[in-house]
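Novice: Below is the structure I would like to discuss, written out as structure tokens.
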Amino acid sequence: EDKNERIYILQQAIDGLIATFYRQTLFAEYEYQVHKMAEEGKPITAEILNQIMENLYLDYYGIDIKKEYNKHSVWARIPHFFNSPFYVYQYATSYAASSKLFNDLVGSNYSKEKIENIISLLKSGGNNDPILQLKEAGADLEDKNTVEAVSKKLALMVEELEKALN
């Protein structure tokens, strides 16, 4: 109920969403570009890796990270890039799927069938292809509505933050 606390909580939630969904998508694209260069036999240097990161931050956020000390070399401290290639996309896809499933449980979207689908997913223990399991639960990652659930969630949080600030 405290205005400042509400602002703080909303800002933390917004930052978490951006870091978990948008930033991880940026990192997945970074990995894709670098691996594609390697497959094509192109030289890969720290300068090239930095430039790719700079370009992606500009594309995704409109931010020129050259102004931030060593931000362009963030790739060097992300162990997933080296130990578990093509892992980071899972943060974004999981966030999108969970946002879609959550949206299916609130307000007028709620139904007993949707609850049962989610419980079945949780009980399944990964006994099938994850994409199929999520689709059966109601989060089809090939459907743009699943991914758009994240941007809708962000828009609602920003709207709540604006209200709290005013």
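Going through the structure tokens in order, the chains are called A, B, and so on, while each chain numbers its residues from 1 and the ligands are numbered from 1 in the order shown.
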Can you pull out every residue within 12 Å of Tyr32 of chain A, counting only C-alpha atoms, but drop anything in the same chain fewer than 2 positions away, and send it as a PyMOL selection string?
Specialist: chain A and resi 25-30+34-39+49+52-53+56+81+85-89
Novice: Set the distance at 12 Å and use only C-alpha atoms: which residues neighbour Glu136 of chain A once local chain neighbours fewer than 5 positions away are removed? I'd like the list as a VMD selection string.
Specialist: chain A and resid 97 101 113 to 122 124 128 to 131 141
Novice: Between atom CA of Ala164 of chain A and atom CA of Arg6 of chain A, what distance in Å does the model show, to one decimal?
Specialist: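 We find that atom CA of Ala164 of chain A and atom CA of Arg6 of chain A lie 7.1 Å from each other.
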Novice: Figure out the distance between atom CA of Ile18 of chain A and atom CA of Ser94 of chain A, please, to one decimal in Å.
Specialist: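 Going from atom CA of Ser94 of chain A over to atom CA of Ile18 of chain A, I get 13.6 Å.
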Novice: Just give me the gap between atom CA of Ser98 of chain A and atom CA of Arg77 of chain A in Å, one decimal is fine.
Specialist: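 Between these atoms lies a distance of 27.5 Å.
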Novice: With DSSP run on the backbone, what are the helix (DSSP H, G or I) residues within chain A? I'd like them as an mmCIF file with N, CA and C atoms, in the first residue's frame.
Specialist:
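Dumped everything to states_21.cif:
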```cif
data_model
loop_
_atom_site.group_PDB
_atom_site.id
_atom_site.type_symbol
_atom_site.label_atom_id
_atom_site.label_comp_id
_atom_site.auth_asym_id
_atom_site.auth_seq_id
_atom_site.Cartn_x
_atom_site.Cartn_y
_atom_site.Cartn_z
ATOM 1 N N LYS A 3 3.241 3.855 -1.471
ATOM 2 C CA LYS A 3 3.493 4.263 -2.858
ATOM 3 C C LYS A 3 4.925 3.949 -3.294
ATOM 4 N N ASN A 4 5.902 4.316 -2.473
ATOM 5 C CA ASN A 4 7.301 4.085 -2.835
ATOM 6 C C ASN A 4 7.630 2.594 -2.924
ATOM 7 N N GLU A 5 7.040 1.824 -2.034
ATOM 8 C CA GLU A 5 7.260 0.378 -2.081
ATOM 9 C C GLU A 5 6.654 -0.215 -3.351
ATOM 10 N N ARG A 6 5.469 0.245 -3.707
ATOM 11 C CA ARG A 6 4.804 -0.223 -4.933
ATOM 12 C C ARG A 6 5.649 0.126 -6.162
ATOM 13 N N ILE A 7 6.156 1.336 -6.206
ATOM 14 C CA ILE A 7 7.013 1.756 -7.320
ATOM 15 C C ILE A 7 8.248 0.868 -7.403
ATOM 16 N N TYR A 8 8.856 0.625 -6.250
ATOM 17 C CA TYR A 8 10.055 -0.215 -6.213
ATOM 18 C C TYR A 8 9.751 -1.638 -6.713
ATOM 19 N N ILE A 9 8.688 -2.216 -6.236
ATOM 20 C CA ILE A 9 8.322 -3.590 -6.621
ATOM 21 C C ILE A 9 8.014 -3.674 -8.110
ATOM 22 N N LEU A 10 7.266 -2.706 -8.622
ATOM 23 C CA LEU A 10 6.958 -2.699 -10.056
ATOM 24 C C LEU A 10 8.215 -2.543 -10.893
ATOM 25 N N GLN A 11 9.101 -1.650 -10.471
ATOM 26 C CA GLN A 11 10.344 -1.452 -11.215
ATOM 27 C C GLN A 11 11.187 -2.721 -11.220
ATOM 28 N N GLN A 12 11.259 -3.410 -10.088
ATOM 29 C CA GLN A 12 11.999 -4.674 -10.018
ATOM 30 C C GLN A 12 11.381 -5.721 -10.940
ATOM 31 N N ALA A 13 10.062 -5.790 -10.970
ATOM 32 C CA ALA A 13 9.373 -6.754 -11.836
ATOM 33 C C ALA A 13 9.624 -6.443 -13.311
ATOM 34 N N ILE A 14 9.587 -5.172 -13.660
ATOM 35 C CA ILE A 14 9.853 -4.758 -15.041
ATOM 36 C C ILE A 14 11.295 -5.094 -15.419
ATOM 37 N N ASP A 15 12.234 -4.766 -14.548
ATOM 38 C CA ASP A 15 13.641 -5.083 -14.810
ATOM 39 C C ASP A 15 13.850 -6.589 -14.969
ATOM 40 N N GLY A 16 13.183 -7.371 -14.130
ATOM 41 C CA GLY A 16 13.300 -8.825 -14.222
ATOM 42 C C GLY A 16 12.755 -9.364 -15.525
ATOM 43 N N LEU A 17 11.625 -8.840 -15.959
ATOM 44 C CA LEU A 17 11.036 -9.273 -17.225
ATOM 45 C C LEU A 17 11.971 -8.944 -18.382
ATOM 46 N N ILE A 18 12.478 -7.732 -18.393
ATOM 47 C CA ILE A 18 13.375 -7.323 -19.482
ATOM 48 C C ILE A 18 14.641 -8.177 -19.491
ATOM 49 N N ALA A 19 15.208 -8.427 -18.315
ATOM 50 C CA ALA A 19 16.430 -9.233 -18.237
ATOM 51 C C ALA A 19 16.183 -10.687 -18.616
ATOM 52 N N THR A 20 15.034 -11.206 -18.240
ATOM 53 C CA THR A 20 14.753 -12.620 -18.488
ATOM 54 C C THR A 20 14.274 -12.877 -19.909
ATOM 55 N N PHE A 21 13.507 -11.978 -20.453
ATOM 56 C CA PHE A 21 12.955 -12.226 -21.788
ATOM 57 C C PHE A 21 13.752 -11.524 -22.885
ATOM 58 N N TYR A 22 13.792 -10.219 -22.854
ATOM 59 C CA TYR A 22 14.414 -9.483 -23.953
ATOM 60 C C TYR A 22 15.929 -9.653 -23.998
ATOM 61 N N ARG A 23 16.576 -9.554 -22.853
ATOM 62 C CA ARG A 23 18.033 -9.664 -22.847
ATOM 63 C C ARG A 23 18.487 -11.077 -23.225
ATOM 64 N N GLN A 24 17.773 -12.081 -22.754
ATOM 65 C CA GLN A 24 18.155 -13.451 -23.104
ATOM 66 C C GLN A 24 17.909 -13.727 -24.589
ATOM 67 N N THR A 25 16.888 -13.106 -25.159
ATOM 68 C CA THR A 25 16.658 -13.230 -26.596
ATOM 69 C C THR A 25 17.812 -12.581 -27.358
ATOM 70 N N LEU A 26 18.250 -11.419 -26.891
ATOM 71 C CA LEU A 26 19.412 -10.756 -27.476
ATOM 72 C C LEU A 26 20.623 -11.681 -27.404
ATOM 73 N N PHE A 27 20.840 -12.302 -26.247
ATOM 74 C CA PHE A 27 21.980 -13.199 -26.091
ATOM 75 C C PHE A 27 21.866 -14.421 -27.009
ATOM 76 N N ALA A 28 20.667 -14.940 -27.190
ATOM 77 C CA ALA A 28 20.474 -16.085 -28.088
ATOM 78 C C ALA A 28 20.811 -15.690 -29.524
ATOM 79 N N GLU A 29 20.394 -14.496 -29.914
ATOM 80 C CA GLU A 29 20.733 -14.025 -31.259
ATOM 81 C C GLU A 29 22.241 -13.812 -31.388
ATOM 82 N N TYR A 30 22.855 -13.332 -30.341
ATOM 83 C CA TYR A 30 24.312 -13.166 -30.320
ATOM 84 C C TYR A 30 24.990 -14.506 -30.588
ATOM 85 N N GLU A 31 24.585 -15.518 -29.845
ATOM 86 C CA GLU A 31 25.158 -16.855 -30.035
ATOM 87 C C GLU A 31 24.961 -17.342 -31.458
ATOM 88 N N TYR A 32 23.760 -17.149 -31.975
ATOM 89 C CA TYR A 32 23.454 -17.597 -33.336
ATOM 90 C C TYR A 32 24.398 -16.946 -34.339
ATOM 91 N N GLN A 33 24.563 -15.621 -34.229
ATOM 92 C CA GLN A 33 25.434 -14.909 -35.169
ATOM 93 C C GLN A 33 26.874 -15.384 -35.088
ATOM 94 N N VAL A 34 27.358 -15.598 -33.866
ATOM 95 C CA VAL A 34 28.749 -16.027 -33.689
ATOM 96 C C VAL A 34 28.947 -17.448 -34.220
ATOM 97 N N HIS A 35 28.024 -18.346 -33.916
ATOM 98 C CA HIS A 35 28.145 -19.724 -34.403
ATOM 99 C C HIS A 35 28.046 -19.785 -35.926
ATOM 100 N N LYS A 36 27.205 -18.940 -36.493
ATOM 101 C CA LYS A 36 27.079 -18.894 -37.945
ATOM 102 C C LYS A 36 28.402 -18.458 -38.574
ATOM 103 N N MET A 37 29.048 -17.466 -37.964
ATOM 104 C CA MET A 37 30.360 -17.034 -38.451
ATOM 105 C C MET A 37 31.368 -18.182 -38.387
ATOM 106 N N ALA A 38 31.342 -18.921 -37.288
ATOM 107 C CA ALA A 38 32.272 -20.046 -37.131
ATOM 108 C C ALA A 38 32.015 -21.111 -38.199
ATOM 109 N N GLU A 39 30.752 -21.407 -38.438
ATOM 110 C CA GLU A 39 30.410 -22.409 -39.463
ATOM 111 C C GLU A 39 30.848 -21.967 -40.852
ATOM 112 N N ALA A 46 38.013 -10.889 -30.430
ATOM 113 C CA ALA A 46 37.316 -10.169 -29.365
ATOM 114 C C ALA A 46 36.675 -8.899 -29.920
ATOM 115 N N GLU A 47 37.351 -8.234 -30.835
ATOM 116 C CA GLU A 47 36.795 -7.008 -31.421
ATOM 117 C C GLU A 47 35.512 -7.308 -32.194
ATOM 118 N N ILE A 48 35.502 -8.394 -32.938
ATOM 119 C CA ILE A 48 34.305 -8.782 -33.702
ATOM 120 C C ILE A 48 33.174 -9.160 -32.743
ATOM 121 N N LEU A 49 33.506 -9.908 -31.691
ATOM 122 C CA LEU A 49 32.497 -10.291 -30.703
ATOM 123 C C LEU A 49 31.917 -9.054 -30.015
ATOM 124 N N ASN A 50 32.770 -8.110 -29.694
ATOM 125 C CA ASN A 50 32.305 -6.855 -29.088
ATOM 126 C C ASN A 50 31.383 -6.096 -30.036
ATOM 127 N N GLN A 51 31.750 -6.053 -31.316
ATOM 128 C CA GLN A 51 30.953 -5.315 -32.303
ATOM 129 C C GLN A 51 29.569 -5.941 -32.468
ATOM 130 N N ILE A 52 29.508 -7.257 -32.476
ATOM 131 C CA ILE A 52 28.202 -7.932 -32.579
ATOM 132 C C ILE A 52 27.332 -7.537 -31.395
ATOM 133 N N MET A 53 27.918 -7.542 -30.200
ATOM 134 C CA MET A 53 27.155 -7.180 -29.000
ATOM 135 C C MET A 53 26.703 -5.719 -29.075
ATOM 136 N N GLU A 54 27.575 -4.836 -29.503
ATOM 137 C CA GLU A 54 27.204 -3.428 -29.646
ATOM 138 C C GLU A 54 26.033 -3.260 -30.609
ATOM 139 N N ASN A 55 26.091 -3.946 -31.745
ATOM 140 C CA ASN A 55 25.019 -3.851 -32.743
ATOM 141 C C ASN A 55 23.694 -4.373 -32.197
ATOM 142 N N LEU A 56 23.747 -5.466 -31.470
ATOM 143 C CA LEU A 56 22.511 -6.038 -30.930
ATOM 144 C C LEU A 56 21.886 -5.134 -29.869
ATOM 145 N N TYR A 57 22.696 -4.556 -28.999
ATOM 146 C CA TYR A 57 22.152 -3.633 -27.996
ATOM 147 C C TYR A 57 21.525 -2.410 -28.667
ATOM 148 N N LEU A 58 22.130 -1.978 -29.747
ATOM 149 C CA LEU A 58 21.561 -0.855 -30.490
ATOM 150 C C LEU A 58 20.246 -1.269 -31.144
ATOM 151 N N ASP A 59 20.211 -2.460 -31.748
ATOM 152 C CA ASP A 59 18.983 -2.953 -32.392
ATOM 153 C C ASP A 59 17.870 -3.206 -31.387
ATOM 154 N N TYR A 60 18.187 -3.856 -30.280
ATOM 155 C CA TYR A 60 17.167 -4.259 -29.312
ATOM 156 C C TYR A 60 16.675 -3.108 -28.439
ATOM 157 N N TYR A 61 17.606 -2.289 -27.985
ATOM 158 C CA TYR A 61 17.263 -1.278 -26.990
ATOM 159 C C TYR A 61 17.486 0.162 -27.440
ATOM 160 N N ILE A 65 26.181 1.019 -26.362
ATOM 161 C CA ILE A 65 26.901 0.531 -25.182
ATOM 162 C C ILE A 65 28.388 0.860 -25.225
ATOM 163 N N LYS A 66 28.848 1.492 -26.291
ATOM 164 C CA LYS A 66 30.251 1.921 -26.330
ATOM 165 C C LYS A 66 30.527 2.952 -25.236
ATOM 166 N N LYS A 67 29.465 3.606 -24.783
ATOM 167 C CA LYS A 67 29.605 4.639 -23.748
ATOM 168 C C LYS A 67 29.702 4.038 -22.336
ATOM 169 N N LYS A 71 30.965 -2.775 -21.449
ATOM 170 C CA LYS A 71 29.648 -3.422 -21.630
ATOM 171 C C LYS A 71 29.638 -4.286 -22.885
ATOM 172 N N HIS A 72 30.363 -3.853 -23.913
ATOM 173 C CA HIS A 72 30.379 -4.608 -25.172
ATOM 174 C C HIS A 72 31.010 -5.999 -25.011
ATOM 175 N N SER A 73 31.783 -6.201 -23.962
ATOM 176 C CA SER A 73 32.410 -7.515 -23.763
ATOM 177 C C SER A 73 31.698 -8.339 -22.689
ATOM 178 N N VAL A 74 30.418 -8.059 -22.488
ATOM 179 C CA VAL A 74 29.623 -8.834 -21.536
ATOM 180 C C VAL A 74 29.632 -10.322 -21.910
ATOM 181 N N TRP A 75 29.791 -10.614 -23.179
ATOM 182 C CA TRP A 75 29.827 -11.997 -23.665
ATOM 183 C C TRP A 75 30.911 -12.815 -22.958
ATOM 184 N N ALA A 76 31.992 -12.171 -22.538
ATOM 185 C CA ALA A 76 33.123 -12.885 -21.950
ATOM 186 C C ALA A 76 32.829 -13.430 -20.554
ATOM 187 N N ARG A 77 31.780 -12.914 -19.913
ATOM 188 C CA ARG A 77 31.488 -13.362 -18.550
ATOM 189 C C ARG A 77 30.205 -14.186 -18.452
ATOM 190 N N HIS A 80 27.288 -19.624 -20.005
ATOM 191 C CA HIS A 80 26.418 -20.423 -20.891
ATOM 192 C C HIS A 80 26.936 -20.411 -22.331
ATOM 193 N N PHE A 81 27.532 -19.321 -22.749
ATOM 194 C CA PHE A 81 28.034 -19.235 -24.118
ATOM 195 C C PHE A 81 29.123 -20.270 -24.383
ATOM 196 N N PHE A 82 29.867 -20.623 -23.342
ATOM 197 C CA PHE A 82 31.003 -21.509 -23.511
ATOM 198 C C PHE A 82 30.708 -22.932 -23.043
ATOM 199 N N ASN A 83 29.940 -23.062 -21.953
ATOM 200 C CA ASN A 83 29.701 -24.382 -21.365
ATOM 201 C C ASN A 83 28.420 -25.048 -21.857
ATOM 202 N N TYR A 89 18.328 -19.166 -24.775
ATOM 203 C CA TYR A 89 16.991 -18.959 -25.343
ATOM 204 C C TYR A 89 15.914 -19.554 -24.441
ATOM 205 N N GLN A 90 16.283 -20.560 -23.642
ATOM 206 C CA GLN A 90 15.306 -21.226 -22.782
ATOM 207 C C GLN A 90 14.736 -20.291 -21.716
ATOM 208 N N TYR A 91 15.503 -19.291 -21.320
ATOM 209 C CA TYR A 91 14.973 -18.313 -20.378
ATOM 210 C C TYR A 91 13.785 -17.588 -21.004
ATOM 211 N N ALA A 92 13.959 -17.146 -22.229
ATOM 212 C CA ALA A 92 12.908 -16.388 -22.916
ATOM 213 C C ALA A 92 11.708 -17.269 -23.250
ATOM 214 N N THR A 93 11.946 -18.470 -23.751
ATOM 215 C CA THR A 93 10.813 -19.334 -24.114
ATOM 216 C C THR A 93 10.047 -19.775 -22.868
ATOM 217 N N SER A 94 10.758 -20.046 -21.787
ATOM 218 C CA SER A 94 10.084 -20.427 -20.543
ATOM 219 C C SER A 94 9.256 -19.273 -19.996
ATOM 220 N N TYR A 95 9.798 -18.077 -20.094
ATOM 221 C CA TYR A 95 9.076 -16.897 -19.610
ATOM 222 C C TYR A 95 7.815 -16.674 -20.447
ATOM 223 N N ALA A 96 7.943 -16.824 -21.755
ATOM 224 C CA ALA A 96 6.782 -16.650 -22.634
ATOM 225 C C ALA A 96 5.714 -17.699 -22.331
ATOM 226 N N ALA A 97 6.116 -18.947 -22.203
ATOM 227 C CA ALA A 97 5.155 -20.018 -21.928
ATOM 228 C C ALA A 97 4.470 -19.804 -20.586
ATOM 229 N N SER A 98 5.244 -19.464 -19.561
ATOM 230 C CA SER A 98 4.629 -19.281 -18.245
ATOM 231 C C SER A 98 3.712 -18.061 -18.224
ATOM 232 N N SER A 99 4.056 -17.017 -18.963
ATOM 233 C CA SER A 99 3.178 -15.840 -19.046
ATOM 234 C C SER A 99 1.859 -16.192 -19.709
ATOM 235 N N LYS A 100 1.931 -16.971 -20.776
ATOM 236 C CA LYS A 100 0.705 -17.390 -21.471
ATOM 237 C C LYS A 100 -0.152 -18.267 -20.565
ATOM 238 N N LEU A 101 0.460 -19.217 -19.891
ATOM 239 C CA LEU A 101 -0.302 -20.103 -18.998
ATOM 240 C C LEU A 101 -0.914 -19.316 -17.851
ATOM 241 N N PHE A 102 -0.169 -18.370 -17.302
ATOM 242 C CA PHE A 102 -0.701 -17.529 -16.235
ATOM 243 C C PHE A 102 -1.908 -16.732 -16.729
ATOM 244 N N ASN A 103 -1.764 -16.123 -17.908
ATOM 245 C CA ASN A 103 -2.875 -15.342 -18.456
ATOM 246 C C ASN A 103 -4.131 -16.191 -18.653
ATOM 247 N N GLY A 107 -8.818 -13.882 -14.615
ATOM 248 C CA GLY A 107 -9.951 -13.177 -15.214
ATOM 249 C C GLY A 107 -10.899 -14.077 -15.967
ATOM 250 N N SER A 108 -11.390 -13.575 -17.071
ATOM 251 C CA SER A 108 -12.401 -14.301 -17.848
ATOM 252 C C SER A 108 -11.822 -15.491 -18.606
ATOM 253 N N ASN A 109 -10.494 -15.615 -18.645
ATOM 254 C CA ASN A 109 -9.854 -16.729 -19.352
ATOM 255 C C ASN A 109 -9.902 -18.039 -18.562
ATOM 256 N N LYS A 112 -11.768 -24.706 -15.770
ATOM 257 C CA LYS A 112 -11.293 -25.920 -15.112
ATOM 258 C C LYS A 112 -10.391 -26.722 -16.055
ATOM 259 N N GLU A 113 -10.726 -26.713 -17.326
ATOM 260 C CA GLU A 113 -9.936 -27.450 -18.310
ATOM 261 C C GLU A 113 -8.502 -26.901 -18.384
ATOM 262 N N LYS A 114 -8.365 -25.574 -18.328
ATOM 263 C CA LYS A 114 -7.035 -24.972 -18.379
ATOM 264 C C LYS A 114 -6.216 -25.340 -17.148
ATOM 265 N N ILE A 115 -6.865 -25.389 -15.990
ATOM 266 C CA ILE A 115 -6.178 -25.821 -14.760
ATOM 267 C C ILE A 115 -5.707 -27.264 -14.914
ATOM 268 N N GLU A 116 -6.569 -28.114 -15.415
ATOM 269 C CA GLU A 116 -6.224 -29.531 -15.595
ATOM 270 C C GLU A 116 -5.074 -29.697 -16.587
ATOM 271 N N ASN A 117 -5.057 -28.890 -17.645
ATOM 272 C CA ASN A 117 -3.966 -28.956 -18.624
ATOM 273 C C ASN A 117 -2.627 -28.599 -17.991
ATOM 274 N N ILE A 118 -2.630 -27.576 -17.149
ATOM 275 C CA ILE A 118 -1.389 -27.155 -16.493
ATOM 276 C C ILE A 118 -0.940 -28.194 -15.465
ATOM 277 N N ILE A 119 -1.879 -28.751 -14.719
ATOM 278 C CA ILE A 119 -1.537 -29.804 -13.758
ATOM 279 C C ILE A 119 -0.967 -31.010 -14.492
ATOM 280 N N SER A 120 -1.534 -31.361 -15.633
ATOM 281 C CA SER A 120 -0.997 -32.472 -16.433
ATOM 282 C C SER A 120 0.430 -32.189 -16.883
ATOM 283 N N LEU A 121 0.676 -30.952 -17.268
ATOM 284 C CA LEU A 121 2.038 -30.567 -17.662
ATOM 285 C C LEU A 121 2.995 -30.760 -16.491
ATOM 286 N N LEU A 122 2.608 -30.288 -15.323
ATOM 287 C CA LEU A 122 3.477 -30.392 -14.151
ATOM 288 C C LEU A 122 3.707 -31.843 -13.734
ATOM 289 N N LYS A 123 2.701 -32.677 -13.906
ATOM 290 C CA LYS A 123 2.820 -34.091 -13.549
ATOM 291 C C LYS A 123 3.635 -34.885 -14.563
ATOM 292 N N SER A 124 3.740 -34.382 -15.770
ATOM 293 C CA SER A 124 4.329 -35.164 -16.860
ATOM 294 C C SER A 124 5.796 -35.507 -16.654
ATOM 295 N N PRO A 130 9.197 -31.212 -25.066
ATOM 296 C CA PRO A 130 8.742 -30.049 -24.297
ATOM 297 C C PRO A 130 7.825 -29.117 -25.086
ATOM 298 N N ILE A 131 8.088 -28.944 -26.372
ATOM 299 C CA ILE A 131 7.246 -28.070 -27.197
ATOM 300 C C ILE A 131 5.829 -28.626 -27.265
ATOM 301 N N LEU A 132 5.703 -29.936 -27.432
ATOM 302 C CA LEU A 132 4.380 -30.570 -27.474
ATOM 303 C C LEU A 132 3.682 -30.489 -26.123
ATOM 304 N N GLN A 133 4.441 -30.698 -25.060
ATOM 305 C CA GLN A 133 3.854 -30.623 -23.724
ATOM 306 C C GLN A 133 3.300 -29.230 -23.438
ATOM 307 N N LEU A 134 4.059 -28.215 -23.784
ATOM 308 C CA LEU A 134 3.591 -26.845 -23.558
ATOM 309 C C LEU A 134 2.366 -26.534 -24.418
ATOM 310 N N LYS A 135 2.391 -27.017 -25.639
ATOM 311 C CA LYS A 135 1.251 -26.794 -26.538
ATOM 312 C C LYS A 135 -0.019 -27.422 -25.963
ATOM 313 N N GLU A 136 0.103 -28.638 -25.452
ATOM 314 C CA GLU A 136 -1.047 -29.329 -24.843
ATOM 315 C C GLU A 136 -1.543 -28.586 -23.605
ATOM 316 N N ALA A 137 -0.634 -27.920 -22.910
ATOM 317 C CA ALA A 137 -1.014 -27.169 -21.708
ATOM 318 C C ALA A 137 -1.620 -25.813 -22.052
ATOM 319 N N LYS A 144 2.190 -16.727 -32.108
ATOM 320 C CA LYS A 144 2.681 -15.420 -31.658
ATOM 321 C C LYS A 144 1.972 -14.941 -30.394
ATOM 322 N N ASN A 145 0.766 -15.408 -30.115
ATOM 323 C CA ASN A 145 0.051 -15.004 -28.904
ATOM 324 C C ASN A 145 0.792 -15.418 -27.637
ATOM 325 N N THR A 146 1.510 -16.531 -27.708
ATOM 326 C CA THR A 146 2.276 -16.985 -26.550
ATOM 327 C C THR A 146 3.399 -15.997 -26.253
ATOM 328 N N VAL A 147 4.117 -15.590 -27.269
ATOM 329 C CA VAL A 147 5.216 -14.643 -27.082
ATOM 330 C C VAL A 147 4.667 -13.252 -26.745
ATOM 331 N N GLU A 148 3.564 -12.889 -27.366
ATOM 332 C CA GLU A 148 2.977 -11.568 -27.099
ATOM 333 C C GLU A 148 2.457 -11.444 -25.672
ATOM 334 N N ALA A 149 2.235 -12.561 -24.994
ATOM 335 C CA ALA A 149 1.805 -12.513 -23.594
ATOM 336 C C ALA A 149 2.835 -11.770 -22.749
ATOM 337 N N VAL A 150 4.103 -11.868 -23.125
ATOM 338 C CA VAL A 150 5.162 -11.178 -22.378
ATOM 339 C C VAL A 150 5.063 -9.671 -22.580
ATOM 340 N N SER A 151 4.910 -9.239 -23.821
ATOM 341 C CA SER A 151 4.830 -7.794 -24.071
ATOM 342 C C SER A 151 3.562 -7.207 -23.457
ATOM 343 N N LYS A 152 2.483 -7.986 -23.422
ATOM 344 C CA LYS A 152 1.261 -7.517 -22.760
ATOM 345 C C LYS A 152 1.482 -7.371 -21.256
ATOM 346 N N LYS A 153 2.202 -8.331 -20.687
ATOM 347 C CA LYS A 153 2.514 -8.268 -19.258
ATOM 348 C C LYS A 153 3.374 -7.048 -18.959
ATOM 349 N N LEU A 154 4.358 -6.795 -19.805
ATOM 350 C CA LEU A 154 5.219 -5.628 -19.628
ATOM 351 C C LEU A 154 4.392 -4.338 -19.729
ATOM 352 N N ALA A 155 3.517 -4.267 -20.708
ATOM 353 C CA ALA A 155 2.683 -3.070 -20.887
ATOM 354 C C ALA A 155 1.815 -2.815 -19.656
ATOM 355 N N LEU A 156 1.257 -3.875 -19.085
ATOM 356 C CA LEU A 156 0.435 -3.717 -17.877
ATOM 357 C C LEU A 156 1.266 -3.226 -16.691
ATOM 358 N N MET A 157 2.465 -3.768 -16.550
ATOM 359 C CA MET A 157 3.320 -3.341 -15.441
ATOM 360 C C MET A 157 3.756 -1.885 -15.612
ATOM 361 N N VAL A 158 4.065 -1.491 -16.829
ATOM 362 C CA VAL A 158 4.461 -0.100 -17.080
ATOM 363 C C VAL A 158 3.280 0.827 -16.795
ATOM 364 N N GLU A 159 2.102 0.404 -17.207
ATOM 365 C CA GLU A 159 0.891 1.205 -16.919
ATOM 366 C C GLU A 159 0.681 1.362 -15.412
ATOM 367 N N GLU A 160 0.860 0.276 -14.672
ATOM 368 C CA GLU A 160 0.724 0.339 -13.200
ATOM 369 C C GLU A 160 1.799 1.238 -12.605
ATOM 370 N N LEU A 161 3.003 1.178 -13.139
ATOM 371 C CA LEU A 161 4.090 2.030 -12.654
ATOM 372 C C LEU A 161 3.765 3.503 -12.919
ATOM 373 N N GLU A 162 3.250 3.792 -14.098
ATOM 374 C CA GLU A 162 2.876 5.177 -14.417
ATOM 375 C C GLU A 162 1.811 5.684 -13.452
ATOM 376 N N LYS A 163 0.844 4.853 -13.143
ATOM 377 C CA LYS A 163 -0.202 5.241 -12.181
ATOM 378 C C LYS A 163 0.411 5.514 -10.800
ATOM 379 N N ALA A 164 1.306 4.640 -10.398
ATOM 380 C CA ALA A 164 1.928 4.801 -9.080
ATOM 381 C C ALA A 164 2.790 6.067 -9.026
ATOM 382 N N LEU A 165 3.442 6.382 -10.121
ATOM 383 C CA LEU A 165 4.290 7.576 -10.172
ATOM 384 C C LEU A 165 3.470 8.857 -10.182
#
```
